[in-house]
Every structure is written in C-alpha cells, then in structure tokens.
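K.L.:
Take this structure first; my questions come after.
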Amino acid sequence: MENDRADTAAVYALFASVLVTVPDAEVRDRMARLLAAAGDEASAAVDEAADLEQCFYDRLVIAVSPRYLPAIESCMLDAREDEGGRLEPGRLDGPRMTEVLACYRTYGFDHRALRGFQPLVDSLRPDHLSVELAFMAHLRRLEAAGGEKGRAAGRFADEFLRRHLASWVPTLCAVARQRGEGDEYVRLIEAVRSWIDLDASAAA
C-alpha cells in the first residue's frame, strides 16, 4: 500500500510540474508518461511537430489569449453557460480559495514553493490546478510514510480529492474542449481528470 501511494504521489507531482514548466524534450517525455498513467495508452505519444511551447503560453500563461484555460477552482465552480451554450468562467475569488488555503496550512504545505516557469509560478492562485495537484502529491507522500499520521493524511487526501479536484476539473475539461482543438494541453487536462477518477476509485 505504501509503495502504491508513493507512486500515486509521484504521478500527482509530475502533473503539477508539467503544467507550470515550459515544455522541452524532458517535459514532452513526462507528458507521454502521464497520458499513459491515466489510461490514454492509445494516444500517449506527444506530437513532435506540435508547437508545444506556444501552446503552453496560450493555454496556461497568456490570460488574454482566446485559448487560455483558467485552471482555477473558484472560476470553474462559478462558471455559467452564456446564451450560446458556451461555458464562461466565473470570478477568481471565492470561499473555496480560502478553504484550500486552510487545508494547506493544516499539513504545512507552501503553495508558493512550486518550481517552473517563474512568471507563471509567481502568479498562481492557491486554488490553481497545479497547486492542488502538488498538494495531493504532498498528502500521498505523507500517507505512504505509514503510521497513524499517514492514515490521517490519506483520509484527508481522499476528502480533498472529493470536495475539490473532483468537483471542478470536469468543468475545466468542458471549457478546454470549447476553446479550440484538442491539443496536448487539453489532452493533459483530460488525463488529470482520468487520474483523479482512478485515485478516487482506489480510495473507495
């Protein structure tokens, strides 16, 4: 069980890292491994011809880009359909951001300590997808250590997964599909959703 949770923590950490790092050959390899880990074996290969760096900026960095994905829990939970049936993200601030911050403090997690493209990392909100994934990695590592503290961390992780990531990532996937073709970052976010489902089913 401990080894399984250590492996689970490593996958969460990889997802968090890839979503905040300018893609190079190593990141492409990580993306392919993550797609496979989430069950996307048939399409795990990352398109070598794709302008992945520009896609990274458009999808995750440049907020004025029409392809930008606001991967933020508060925005997705407050999303509403417009007259044309398209989902429009809601406001940035909300009670969930305050709630996740309280969760981080409970387990000594510094949401500002992620490593990656520094301008993006510096702008991350506490309820950003990458931060919540990094927190899940932190909790699963604590769980893998075993003992009563490990079991408590595992229960906390299961509840955080249910209440937070599982509650809004499906909406993010829907927004991603509406904002352009299914590029590598759309596939990656879909893989995050699949991974969340896998972890939730293992915890059930």
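Note on naming: chains are A, B, ... as they come in the structure tokens, residues start from 1 per chain, ligands start from 1 in the order shown.
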Which residues, written as a count of residues only, have at least one atom at most 8 Å from stretch 192-198 of chain A, with only C-alpha atoms counted and residues fewer than 5 positions away on the same chain left out?
P.N.:
10
K.L.:
At a cut-off of 12 Å, using only C-alpha atoms, what residues contact A:Arg112? Leave out same-chain residues fewer than 4 positions from it and give the result as a ChimeraX atom specification.
P.N.:
/A:101,104,108,116,118,120-128,130-132,134-135
K.L.:
Nearest residue to A:Tyr68 out of A:Pro119, A:Pro89, A:Gly94, A:Pro23, using only C-alpha atoms?
P.N.:
A:Pro89
K.L.:
Interatomic distance between atom CA of A:Leu34 and atom CA of A:Ile62?
P.N.:
24.0 Å
K.L.:
Quick one: residues within 12 Å of A:Phe56, only C-alpha atoms counted, chain neighbours fewer than 2 positions away excluded, as an MDAnalysis selection string?
P.N.:
chainID A and resid 18:24 27:28 50:54 58:63 65 67:69 117 120 183:186 188
K.L.:
Could you give me the residues within stretch 51-197 of chain A that DSSP places in strand (DSSP E), as a ChimeraX atom specification?
P.N.:
/A:80-81,87-88
K.L.:
For atom CA of A:Phe156 and atom CA of A:Trp168, quote the distance in Å rounded to one decimal.
P.N.:
18.0 Å
K.L.:
Which residue gives the smallest distance to A:Ala79 among A:Ala25, A:Leu139, A:Val175, A:Met97, with only C-alpha atoms counted?
P.N.:
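Selected residue with least distance to A:Ala79: A:Val175.
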K.L.:
Rounded to one decimal, what separation in Å do you get between atom CA of A:Ala202 and atom CA of A:Arg151?
P.N.:
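About the pair atom CA of A:Ala202 and atom CA of A:Arg151: they are 14.5 Å apart.
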K.L.:
Which polymer residues have any atom within 8 Å of an atom of A:Ala13, counting only C-alpha atoms, with same-chain residues fewer than 2 positions away left out, as a ChimeraX atom specification?
P.N.:
/A:9-11,15-17,133-134,137
K.L.:
Would you mind listing what lies within 10 Å of A:Ala153 as a ChimeraX atom specification, with only C-alpha atoms counted and same-chain residues fewer than 5 positions away left out?
P.N.:
/A:107,136,138-148,158-159
K.L.:
Using backbone DSSP assignments, extract all alpha helix (DSSP H) residues from stretch 99-170 of chain A; output them as a VMD selection string.
P.N.:
chain A and resid 99 to 106 118 to 123 129 to 144 147 to 160 166 to 170
K.L.:
Which of these, A:Ala113, A:Ala191, A:Ala6, A:Gln178, has the shortest distance to A:Gly84 once you count only C-alpha atoms?
P.N.:
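Looking at the shortest contact to A:Gly84, the residue is A:Gln178.
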